[in-house]
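Only one structure is covered here, and it is reproduced in the block below.
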Amino acid sequence: MTNNICKQITIITESALEHRLTDDIQRLGAHGYTITNARGKGHRGVRNADWSTSSNIRVEVVCGASVAIAITEHFKEHYFENYAMILFTSDVEVMRSEKF
Amino acid sequence: MTNNICKQITIITESALEHRLTDDIQRLGAHGYTITNARGKGHRGVRNADWSTSSNIRVEVVCGASVAIAITEHFKEHYFENYAMILFTSDVEVMRSEKF
Amino acid sequence: MTNNICKQITIITESALEHRLTDDIQRLGAHGYTITNARGKGHRGVRNADWSTSSNIRVEVVCGASVAIAITEHFKEHYFENYAMILFTSDVEVMRSEKF
Amino acid sequence: MSLDPVVLFFMLGLAAGLMRAEMRLPPAIYEFLSIILLLAIGLKGGIELSKQSFGDLLPDIGAVLLMGFVLPLLAFPILRYIGRLKKVDAASVAAHYGSVSVGTYAVAVAYLASQDITFEAYMPLFLVILEVPAILVGIILVRGISKKTQWGALSHEVFLGKSIVLLLGGLLIGWIAGAESIESIGGLFFDPFKGILALFLLEMGLIAASQVGSLRRYGVFLLSFGIIFPIFSACIGAGLGLMLELSIGGTVLLATLAASASYIAVPAAMRIALPEANPTLSLTASLGVTFPFNIIFGIPLYHKLTEYIYGI
Amino acid sequence: MSLDPVVLFFMLGLAAGLMRAEMRLPPAIYEFLSIILLLAIGLKGGIELSKQSFGDLLPDIGAVLLMGFVLPLLAFPILRYIGRLKKVDAASVAAHYGSVSVGTYAVAVAYLASQDITFEAYMPLFLVILEVPAILVGIILVRGISKKTQWGALSHEVFLGKSIVLLLGGLLIGWIAGAESIESIGGLFFDPFKGILALFLLEMGLIAASQVGSLRRYGVFLLSFGIIFPIFSACIGAGLGLMLELSIGGTVLLATLAASASYIAVPAAMRIALPEANPTLSLTASLGVTFPFNIIFGIPLYHKLTEYIYGI
Amino acid sequence: MSLDPVVLFFMLGLAAGLMRAEMRLPPAIYEFLSIILLLAIGLKGGIELSKQSFGDLLPDIGAVLLMGFVLPLLAFPILRYIGRLKKVDAASVAAHYGSVSVGTYAVAVAYLASQDITFEAYMPLFLVILEVPAILVGIILVRGISKKTQWGALSHEVFLGKSIVLLLGGLLIGWIAGAESIESIGGLFFDPFKGILALFLLEMGLIAASQVGSLRRYGVFLLSFGIIFPIFSACIGAGLGLMLELSIGGTVLLATLAASASYIAVPAAMRIALPEANPTLSLTASLGVTFPFNIIFGIPLYHKLTEYIYGI
Ligand SMILES: Nc1ncnc2c1ncn2[C@@H]1O[C@H](COP(=O)(O)O)[C@@H](O)[C@H]1O
Ligand SMILES: Nc1ncnc2c1ncn2[C@@H]1O[C@H](COP(=O)(O)O)[C@@H](O)[C@H]1O
Ligand SMILES: Nc1ncnc2c1ncn2[C@@H]1O[C@H](COP(=O)(O)O)[C@@H](O)[C@H]1O
Ligand code: NA
Ligand code: NA
Ligand code: NA
């Protein structure tokens, strides 16, 4: 069994960014991502998903530590200032670590 | 970089509670929350989201340790007995810890 | 307070498996599960939820360590080879550990 | 007896659900269908109200309100002492049965239409009126007129719940705009109405089927109550219809309203006001027993009943 | 040749998808549209069955069933030996092409209507019948009549899948209720039918466009197979129509059914029965090649073909 | 003045939202309704274009395009120097007000229909045309014709955004297929159109109500701008209508287009092109002030205005 510790990055942000983020995520070396629709509230106010402009997505990426740093840094630089976005990271144990 | 360890609280419960929980969460000091629609099964049976009365929400809050305790205690006292609800906590590393 | 450390298993896979997985999960000893609809990309390509055949689910199970191993092993044996699926595990602190 | 297609759709859903077919309608669609049904029923009633003097209706409204308070008071002791339910559960189930089901009402309307039976077009007003009193009764039975009850939050939940807002909103719009002008939006609210009801009932059948598991758990009393009490309520409703000198059609509808049990507004209110009540219990009875019974057997029965008491 | 608006909607979806426009229909809406299409097709067929003696149809049903078994058996060797697909993939693709596509059927019906060509109204029955046999053939080709196959779970998946339940359910309801009574729900199922088909095809165009990436990967064989095999199947279907003495319209529909490839029922069944088969392969062929081909070129071609063999 | 039912639906949504009733329409349904509205408007326009020589329209198209460039240039200095907004915010709000709102257009069409006023049926073409120029102006006001702007990604976002693709797609389909053939899909796109608009406006009312919080934050200037600037734009639009010798109805529509502010296409483009602009600011003005104002008061006012300048 090839269990292993990976990083799980969770990003909650505006739906409008979906395509850009998934492009970035793949370019920076992650092998996959998962997205769910979400709503919420943060510093930029309520985003209640009533219609597309006010809806959020929750993006999850499982990847190695270095890719995680690359993604975090990239997002910090390009999106944190102007977009509703939070990003947090934790450790997860994965099966088939060669996939990530 | 101001990375930092925060608490991530995940609550899975009845959709009917959405407004009350988000009010509580903000009153108790969290700076935001994220909600996704969910379905599931637990001690109170199947909640398969076929229609509003039987649907769940999954609420996520990232916050400091003391707020996390406040939320956990409040929910335990007010909701655990009478509502379908589970709550669990883990540590996450956040960017921009001043946001949380 | 009966706080306690449990395992949180997250499985992201094809929606078509929903019934089989939830049956397995319960048979293997977990007391509940939560499901959200998701989309994503991995080794088996884009699953963009445009229609049922191409949509994912994100299944979350909170359970004790031994059940977690049982679930992981079972899924590895029965689903990893032929289905789009990732599975990862982390530690969470739960309230009311007797529920899990 | 030839079955109306909407009833057949319900049975299809029931059968599919019992055979565990993969047929879940997306929740968004269920919402969509029920929004259209509520608005359409409201609009139809509103159009008629615009032709009516509201004052003339006040006595009828009062009588129907009264029935809304009485029905749960009759249900409660049966549930508590024969059914041996906990006090709070008895009160909650009583509230469900004192209130009404919009889906059942719509099927009764379709039933009357298919038999060319007319009715007082302001019946949707009674539908709105009957939603609320039973909720109050249920709460007071448990809490008394306690200060601890969050009446603010509660009345918000009750009066601003989706079904009341849409029914009342529809009534108001129909009333203000009038028949001719509402005609222009009939392409969504009136022409496909019965088809939308059919699809809605398909989903209701699936939901009802999913209650069977818990029905088995709660057993024979709930099953009997869910059938016998509605018949009893229907008698009261029909009697009231006779008293108010409603037409045959109107009386059938009032009997059906009395016999129907809520599964939307009341459950939501009970989660707030009486959260310690077991919601599965009420929903199993209301959705798993009474709704199917009313749709398939009840409505024609209440029609017979009405004809009988009108001496036809 | 003037293009039917529903075909134009498909092309709009295709174009928008290829240009990567942001136009994803919500999945709930796709579900909604397909549920209405399935029920509507079933209902229409059922109404006609109620006028027909079922016994008279038995020979036709048998012949059509037989075609459902034969078509995948013809596809399999081509896929295995010319296409050099793995055994399990060849079997899975064969199952897709032996079965049918409801969307394609609906477009063919619209096509005939726009040309004022009538057809045997019980064709939806053949649609239901043709869904299943190819699945069985596909599985047996790989597993033999093995005990290891979970026939229980599988037949549940096949016979209680959404498309069969809704088609059959519609058939039954139409059959029981009869034309006059079904009329009342026509405002949802019949009047907007073609518009709903148009919207459905818009989404199908988007889905088809999203297959282009994998099409490139799998190359020329899949592209050729996805066009040539349907034409070949259509000949068989048309031949059978001639044999069964169907009308021109009925023959065009049977040819179209033969030519169409499943993208709902069969993929779902294959994930259960033959999970090691690559689903992308079958869907790329079925959705990315055959569906667009049939919608845009195939149906008029099968019409020509039918006229030719009928000597018109 | 009797209110059109669609306006009453908007007010119901507004009231329900302000009273915080639980009435959120599922996002999938909002999408569904807006897709049908966009396609229907496009189709209607396309049918007419098929009767028209495109060349004859070129001068009008040019003039309307010009208005699309001028309006945001007029709005910008007001926002920057009277409103004291940051440069980027002023440019973004200006872009919203230079562009158009499809919902407002649809209500104006319903308004004219209810008054039996005809208009040039190619107006949807102007709707499409007016979506774009203001976006360009907004960006150039901030960035100049900078190379740093990702014009590629941006023009993808603008020209392949949902509203333009569906409007243009509908136009093309209507144009190619022609009136008679489009009739067949009218059961979804035309008959229920006004009902769908009503439901859409119910949700728009809820959305508008949810802007009230931020409106309070941004204060009096935004409120005044959101009412006065549209009236001013309407004058320009009406003047242009007069110049182009449009009918009364056409002029009312052009005035309404000028007065309306975007809340779909422009916000999406601004998030890409000018992400540092505060989106809440523009949406509060556009959705929280101008949309309700136009729906309830603006359209009848622009009608009066048009009659005035036509000397009726
Ligand atoms: N403390 C938090 N916990 C959970 N989710 C949050 C939190 N803060 C913000 N979010 C989510 O992140 C989105 C963007 O946050 P913000 O940039 O703060 O507006 C919000 O709409 C929420 O969905
Ligand atoms: N062990 C578990 N793992 C994951 N989710 C759970 C678990 N138990 C309960 N849930 C979720 O929490 C909801 C409420 O749980 P309960 O109060 O146990 O009925 C359920 O409907 C599930 O969605
Ligand atoms: N590295 C990853 N991070 C997050 N989600 C992933 C990752 N890889 C795969 N997934 C999700 O798991 C599903 C199945 O993965 P796969 O079996 O690799 O195709 C994908 O459709 C994604 O939703
Ligand atoms: Na009742
Ligand atoms: Na076929
Ligand atoms: Na404008």
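Each chain in the structure tokens gets a letter, A, B, ..., in the order shown, and its residues are numbered from 1; ligands are numbered from 1 in order too.
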Distance table requested - chain D against chain F, cut-off 12 Å, only C-alpha atoms: one row per qualifying residue with the closest atom pair and its distance in Å to one decimal, ordered by chain and rising residue number, as JSON lines.
```
{"residue": "D:Pro26", "atom": "CA", "partner": "F:Ala28", "partner_atom": "CA", "distance": 9.9}
{"residue": "D:Pro27", "atom": "CA", "partner": "F:Pro26", "partner_atom": "CA", "distance": 8.6}
{"residue": "D:Ala28", "atom": "CA", "partner": "F:Pro26", "partner_atom": "CA", "distance": 5.5}
{"residue": "D:Ile29", "atom": "CA", "partner": "F:Ile29", "partner_atom": "CA", "distance": 7.6}
{"residue": "D:Tyr30", "atom": "CA", "partner": "F:Pro26", "partner_atom": "CA", "distance": 9.9}
{"residue": "D:Glu31", "atom": "CA", "partner": "F:Pro26", "partner_atom": "CA", "distance": 7.3}
{"residue": "D:Phe32", "atom": "CA", "partner": "F:Ile29", "partner_atom": "CA", "distance": 6.8}
{"residue": "D:Leu33", "atom": "CA", "partner": "F:Ile29", "partner_atom": "CA", "distance": 10.3}
{"residue": "D:Ser34", "atom": "CA", "partner": "F:Leu25", "partner_atom": "CA", "distance": 10.9}
{"residue": "D:Ile35", "atom": "CA", "partner": "F:Leu25", "partner_atom": "CA", "distance": 8.6}
{"residue": "D:Ile36", "atom": "CA", "partner": "F:Leu199", "partner_atom": "CA", "distance": 8.7}
{"residue": "D:Leu39", "atom": "CA", "partner": "F:Leu199", "partner_atom": "CA", "distance": 9.5}
{"residue": "D:Ala40", "atom": "CA", "partner": "F:Gly195", "partner_atom": "CA", "distance": 10.5}
{"residue": "D:Leu43", "atom": "CA", "partner": "F:Pro5", "partner_atom": "CA", "distance": 10.3}
{"residue": "D:Ile47", "atom": "CA", "partner": "F:Pro5", "partner_atom": "CA", "distance": 11.8}
{"residue": "D:Ala153", "atom": "CA", "partner": "F:Arg20", "partner_atom": "CA", "distance": 11.4}
{"residue": "D:Ser155", "atom": "CA", "partner": "F:Ala21", "partner_atom": "CA", "distance": 11.1}
{"residue": "D:His156", "atom": "CA", "partner": "F:Ala21", "partner_atom": "CA", "distance": 7.6}
{"residue": "D:Glu157", "atom": "CA", "partner": "F:Ala21", "partner_atom": "CA", "distance": 8.0}
{"residue": "D:Val158", "atom": "CA", "partner": "F:Ala21", "partner_atom": "CA", "distance": 9.8}
{"residue": "D:Phe159", "atom": "CA", "partner": "F:Ala21", "partner_atom": "CA", "distance": 8.5}
{"residue": "D:Leu160", "atom": "CA", "partner": "F:Ala21", "partner_atom": "CA", "distance": 4.8}
{"residue": "D:Gly161", "atom": "CA", "partner": "F:Glu22", "partner_atom": "CA", "distance": 5.8}
{"residue": "D:Lys162", "atom": "CA", "partner": "F:Met23", "partner_atom": "CA", "distance": 5.4}
{"residue": "D:Ser163", "atom": "CA", "partner": "F:Met23", "partner_atom": "CA", "distance": 9.0}
{"residue": "D:Ile164", "atom": "CA", "partner": "F:Ala21", "partner_atom": "CA", "distance": 9.9}
{"residue": "D:Val165", "atom": "CA", "partner": "F:Ala16", "partner_atom": "CA", "distance": 7.4}
{"residue": "D:Leu166", "atom": "CA", "partner": "F:Met23", "partner_atom": "CA", "distance": 8.6}
{"residue": "D:Leu167", "atom": "CA", "partner": "F:Leu12", "partner_atom": "CA", "distance": 11.3}
{"residue": "D:Leu168", "atom": "CA", "partner": "F:Leu12", "partner_atom": "CA", "distance": 9.8}
{"residue": "D:Gly169", "atom": "CA", "partner": "F:Leu12", "partner_atom": "CA", "distance": 6.4}
{"residue": "D:Gly170", "atom": "CA", "partner": "F:Phe9", "partner_atom": "CA", "distance": 8.6}
{"residue": "D:Leu171", "atom": "CA", "partner": "F:Leu12", "partner_atom": "CA", "distance": 11.1}
{"residue": "D:Leu172", "atom": "CA", "partner": "F:Leu8", "partner_atom": "CA", "distance": 9.0}
{"residue": "D:Ile173", "atom": "CA", "partner": "F:Leu8", "partner_atom": "CA", "distance": 6.2}
{"residue": "D:Gly174", "atom": "CA", "partner": "F:Pro5", "partner_atom": "CA", "distance": 8.1}
{"residue": "D:Trp175", "atom": "CA", "partner": "F:Pro5", "partner_atom": "CA", "distance": 10.4}
{"residue": "D:Ile176", "atom": "CA", "partner": "F:Leu3", "partner_atom": "CA", "distance": 8.2}
{"residue": "D:Ala177", "atom": "CA", "partner": "F:Pro5", "partner_atom": "CA", "distance": 6.0}
{"residue": "D:Gly178", "atom": "CA", "partner": "F:Pro5", "partner_atom": "CA", "distance": 9.1}
{"residue": "D:Ala179", "atom": "CA", "partner": "F:Pro5", "partner_atom": "CA", "distance": 10.5}
{"residue": "D:Glu180", "atom": "CA", "partner": "F:Pro5", "partner_atom": "CA", "distance": 10.5}
{"residue": "D:Ser181", "atom": "CA", "partner": "F:Pro5", "partner_atom": "CA", "distance": 6.9}
{"residue": "D:Ile182", "atom": "CA", "partner": "F:Pro5", "partner_atom": "CA", "distance": 6.4}
{"residue": "D:Glu183", "atom": "CA", "partner": "F:Gly195", "partner_atom": "CA", "distance": 9.6}
{"residue": "D:Ser184", "atom": "CA", "partner": "F:Lys194", "partner_atom": "CA", "distance": 6.5}
{"residue": "D:Ile185", "atom": "CA", "partner": "F:Gly195", "partner_atom": "CA", "distance": 4.1}
{"residue": "D:Gly186", "atom": "CA", "partner": "F:Gly195", "partner_atom": "CA", "distance": 6.6}
{"residue": "D:Gly187", "atom": "CA", "partner": "F:Pro192", "partner_atom": "CA", "distance": 3.9}
{"residue": "D:Leu188", "atom": "CA", "partner": "F:Pro192", "partner_atom": "CA", "distance": 4.6}
{"residue": "D:Phe189", "atom": "CA", "partner": "F:Gly195", "partner_atom": "CA", "distance": 6.7}
{"residue": "D:Phe190", "atom": "CA", "partner": "F:Gly195", "partner_atom": "CA", "distance": 9.5}
{"residue": "D:Asp191", "atom": "CA", "partner": "F:Pro192", "partner_atom": "CA", "distance": 8.7}
{"residue": "D:Pro192", "atom": "CA", "partner": "F:Pro192", "partner_atom": "CA", "distance": 9.1}
{"residue": "D:Phe193", "atom": "CA", "partner": "F:Pro192", "partner_atom": "CA", "distance": 11.6}
{"residue": "D:Ala265", "atom": "CA", "partner": "F:Glu22", "partner_atom": "CA", "distance": 11.5}
{"residue": "D:Ala268", "atom": "CA", "partner": "F:Glu22", "partner_atom": "CA", "distance": 11.1}
```
Please, which residues have at least one atom within 8 Å of an atom of ligand 4, using only C-alpha atoms and all ligand atoms, listed as a PyMOL selection string?
chain D and resi 68+71+96-101+130+230+233+256-262
Output file for the selection above: N, CA and C atoms, as a JSON list (two decimals), in the first residue's frame:
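The resulting out.json:
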```json
[["chain", "number", "residue", "atom", "x", "y", "z"],
["D", 68, "GLY", "N", -60.38, 25.41, 11.74],
["D", 68, "GLY", "CA", -58.93, 25.25, 11.83],
["D", 68, "GLY", "C", -58.44, 25.14, 13.26],
["D", 71, "LEU", "N", -60.16, 21.33, 14.68],
["D", 71, "LEU", "CA", -59.66, 20.04, 14.20],
["D", 71, "LEU", "C", -58.46, 19.53, 15.00],
["D", 96, "HIS", "N", -50.33, 19.04, 12.24],
["D", 96, "HIS", "CA", -50.26, 18.65, 10.83],
["D", 96, "HIS", "C", -51.66, 18.35, 10.28],
["D", 97, "TYR", "N", -52.46, 17.65, 11.08],
["D", 97, "TYR", "CA", -53.77, 17.23, 10.58],
["D", 97, "TYR", "C", -54.81, 18.35, 10.66],
["D", 98, "GLY", "N", -54.57, 19.32, 11.51],
["D", 98, "GLY", "CA", -55.47, 20.47, 11.53],
["D", 98, "GLY", "C", -55.23, 21.39, 10.35],
["D", 99, "SER", "N", -54.01, 21.40, 9.86],
["D", 99, "SER", "CA", -53.67, 22.26, 8.73],
["D", 99, "SER", "C", -53.98, 21.53, 7.42],
["D", 100, "VAL", "N", -53.51, 22.06, 6.32],
["D", 100, "VAL", "CA", -53.95, 21.54, 5.01],
["D", 100, "VAL", "C", -52.80, 21.24, 4.06],
["D", 101, "SER", "N", -53.13, 20.51, 3.02],
["D", 101, "SER", "CA", -52.13, 20.17, 2.01],
["D", 101, "SER", "C", -52.54, 20.75, 0.66],
["D", 130, "LEU", "N", -56.65, 28.13, 6.41],
["D", 130, "LEU", "CA", -56.54, 26.91, 7.21],
["D", 130, "LEU", "C", -55.11, 26.50, 7.49],
["D", 230, "PRO", "N", -58.72, 11.54, 8.91],
["D", 230, "PRO", "CA", -59.14, 12.35, 7.76],
["D", 230, "PRO", "C", -60.60, 12.14, 7.36],
["D", 233, "SER", "N", -62.52, 14.07, 9.80],
["D", 233, "SER", "CA", -62.41, 15.51, 9.51],
["D", 233, "SER", "C", -63.23, 15.89, 8.30],
["D", 256, "THR", "N", -62.27, 18.05, 1.70],
["D", 256, "THR", "CA", -60.91, 17.61, 1.36],
["D", 256, "THR", "C", -59.88, 18.40, 2.14],
["D", 257, "LEU", "N", -60.08, 19.71, 2.24],
["D", 257, "LEU", "CA", -59.15, 20.54, 3.02],
["D", 257, "LEU", "C", -59.10, 20.03, 4.46],
["D", 258, "ALA", "N", -60.27, 19.80, 5.03],
["D", 258, "ALA", "CA", -60.31, 19.31, 6.41],
["D", 258, "ALA", "C", -59.57, 17.99, 6.53],
["D", 259, "ALA", "N", -59.74, 17.13, 5.54],
["D", 259, "ALA", "CA", -59.16, 15.79, 5.60],
["D", 259, "ALA", "C", -57.67, 15.78, 5.32],
["D", 260, "SER", "N", -57.18, 16.81, 4.67],
["D", 260, "SER", "CA", -55.78, 16.79, 4.25],
["D", 260, "SER", "C", -54.86, 17.17, 5.40],
["D", 261, "ALA", "N", -53.63, 16.70, 5.34],
["D", 261, "ALA", "CA", -52.67, 17.00, 6.39],
["D", 261, "ALA", "C", -51.45, 17.70, 5.78],
["D", 262, "SER", "N", -50.94, 18.68, 6.48],
["D", 262, "SER", "CA", -49.84, 19.48, 5.96],
["D", 262, "SER", "C", -48.55, 18.68, 5.91]]
```
Would you give me, as JSON, numbers by chain, the residues of chain A that come within 12 Å of chain E, using only C-alpha atoms?
{"A": [15, 16, 18, 19, 37, 51, 52]}
Kindly compile the residues surrounding ligand 3 within 6 Å, counting only C-alpha atoms and all ligand atoms, and format them as number ranges by chain.
A: 30-34, 60-63, 100; C: 12-13, 39-45, 47, 84-86
Which distance in Å separates atom 15 (O, counted along the ligand's line) of ligand 1 and CA of Phe75 (chain A), to one decimal?
13.7 Å
Counting only C-alpha atoms, figure out which residue out of B:Asp50, B:Val59, B:Glu81, B:Thr89 gets nearest to chain A.
B:Val59
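Atom to atom, CA of Tyr122 (chain F) and CA of Asp56 (chain F) stand 11.7 Å apart.
With distances taken over only C-alpha atoms, C:Cys6 is the one residue among C:Leu87, C:Val46, C:Cys6, C:Ala70 lying closest to chain B.
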Sel. of strand (DSSP E or B) residues, chain A, as a ChimeraX atom specification:
/A:4-14,33-42,45-47,56-63,85-94
Near Phe291 (chain E), counting only C-alpha atoms, which residues have an atom at most 8 Å away, once you skip same-chain residues fewer than 3 positions from it, shown as a PyMOL selection string?
chain E and resi 104+208+260-261+286-288+294-295
Near Gly138 (chain D), counting only C-alpha atoms, which residues have an atom at most 7 Å away, once you skip same-chain residues fewer than 3 positions from it, shown as a PDB file with N, CA and C atoms, in the first residue's frame?
```pdb
ATOM      1  N   ALA D  91     -49.116  16.719  19.939  1.00  0.00           N
ATOM      2  CA  ALA D  91     -49.444  18.085  19.530  1.00  0.00           C
ATOM      3  C   ALA D  91     -48.957  18.369  18.118  1.00  0.00           C
ATOM      4  N   SER D  92     -47.774  17.899  17.810  1.00  0.00           N
ATOM      5  CA  SER D  92     -47.216  18.171  16.490  1.00  0.00           C
ATOM      6  C   SER D  92     -48.031  17.457  15.409  1.00  0.00           C
ATOM      7  N   ALA D  94     -51.105  16.548  15.619  1.00  0.00           N
ATOM      8  CA  ALA D  94     -52.401  17.227  15.580  1.00  0.00           C
ATOM      9  C   ALA D  94     -52.329  18.490  14.721  1.00  0.00           C
ATOM     10  N   ALA D  95     -51.233  19.235  14.873  1.00  0.00           N
ATOM     11  CA  ALA D  95     -51.072  20.450  14.069  1.00  0.00           C
ATOM     12  C   ALA D  95     -51.028  20.117  12.586  1.00  0.00           C
ATOM     13  N   ALA D 134     -53.989  25.723  13.147  1.00  0.00           N
ATOM     14  CA  ALA D 134     -53.561  24.465  13.757  1.00  0.00           C
ATOM     15  C   ALA D 134     -52.147  24.560  14.312  1.00  0.00           C
ATOM     16  N   ILE D 135     -51.315  25.356  13.666  1.00  0.00           N
ATOM     17  CA  ILE D 135     -49.945  25.517  14.166  1.00  0.00           C
ATOM     18  C   ILE D 135     -49.981  26.148  15.549  1.00  0.00           C
ATOM     19  N   LEU D 141     -50.748  23.831  22.935  1.00  0.00           N
ATOM     20  CA  LEU D 141     -50.982  22.568  23.647  1.00  0.00           C
ATOM     21  C   LEU D 141     -49.742  22.131  24.431  1.00  0.00           C
ATOM     22  N   VAL D 142     -48.579  22.460  23.925  1.00  0.00           N
ATOM     23  CA  VAL D 142     -47.352  22.029  24.600  1.00  0.00           C
ATOM     24  C   VAL D 142     -46.809  23.104  25.527  1.00  0.00           C
TER      25      VAL D 142
END
```
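Rounded to one decimal, CA of Leu14 (chain F) and CA of Leu202 (chain F) lie 7.5 Å from each other.
With only C-alpha atoms taken into account, the protein and nucleic acid residues at most 10 Å from Leu223 (chain F) (excluding it and anything under 6 positions from it in its own chain) are Leu215, Arg216, Thr284, Ala285, Ser286, Gly288, Val289 and Thr290 of chain F.
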Write a file of the just-selected residues containing all heavy atoms, as a compact mmCIF listing (two decimals), in the first residue's frame.
```txt
# COMPACT_ATOMS: atom_id res chain seq x y z
N LEU F 215 -27.19 49.37 -0.30
CA LEU F 215 -27.64 50.68 -0.74
C LEU F 215 -27.51 51.67 0.41
O LEU F 215 -27.03 52.80 0.24
CB LEU F 215 -29.10 50.62 -1.20
CG LEU F 215 -29.63 51.92 -1.77
CD1 LEU F 215 -28.79 52.36 -2.96
CD2 LEU F 215 -31.07 51.77 -2.22
N ARG F 216 -27.92 51.23 1.59
CA ARG F 216 -27.82 52.09 2.77
C ARG F 216 -26.36 52.52 2.97
O ARG F 216 -26.09 53.65 3.30
CB ARG F 216 -28.33 51.31 3.99
CG ARG F 216 -29.14 52.15 4.93
CD ARG F 216 -29.83 51.30 5.97
NE ARG F 216 -31.09 50.73 5.51
CZ ARG F 216 -31.56 49.55 5.89
NH1 ARG F 216 -30.88 48.79 6.73
NH2 ARG F 216 -32.72 49.14 5.44
N THR F 284 -25.43 47.33 -6.74
CA THR F 284 -26.40 48.01 -5.88
C THR F 284 -27.16 49.06 -6.69
O THR F 284 -28.39 49.14 -6.61
CB THR F 284 -25.69 48.68 -4.71
OG1 THR F 284 -24.95 47.69 -4.01
CG2 THR F 284 -26.67 49.34 -3.78
N ALA F 285 -26.41 49.83 -7.47
CA ALA F 285 -27.07 50.86 -8.27
C ALA F 285 -27.96 50.23 -9.33
O ALA F 285 -29.14 50.57 -9.47
CB ALA F 285 -26.02 51.76 -8.92
N SER F 286 -27.40 49.27 -10.06
CA SER F 286 -28.11 48.72 -11.20
C SER F 286 -29.32 47.88 -10.79
O SER F 286 -30.42 48.04 -11.31
CB SER F 286 -27.12 47.89 -12.01
OG SER F 286 -27.76 46.97 -12.82
N GLY F 288 -30.43 47.43 -7.41
CA GLY F 288 -31.17 47.90 -6.23
C GLY F 288 -31.93 49.18 -6.49
O GLY F 288 -32.91 49.47 -5.81
N VAL F 289 -31.50 49.95 -7.48
CA VAL F 289 -32.18 51.22 -7.74
C VAL F 289 -32.79 51.25 -9.14
O VAL F 289 -34.01 51.36 -9.31
CB VAL F 289 -31.20 52.42 -7.58
CG1 VAL F 289 -31.94 53.72 -7.81
CG2 VAL F 289 -30.53 52.39 -6.22
N THR F 290 -31.93 51.14 -10.15
CA THR F 290 -32.39 51.41 -11.50
C THR F 290 -33.37 50.37 -12.01
O THR F 290 -34.39 50.71 -12.64
CB THR F 290 -31.18 51.54 -12.45
OG1 THR F 290 -30.33 52.55 -11.93
CG2 THR F 290 -31.62 51.90 -13.85
```
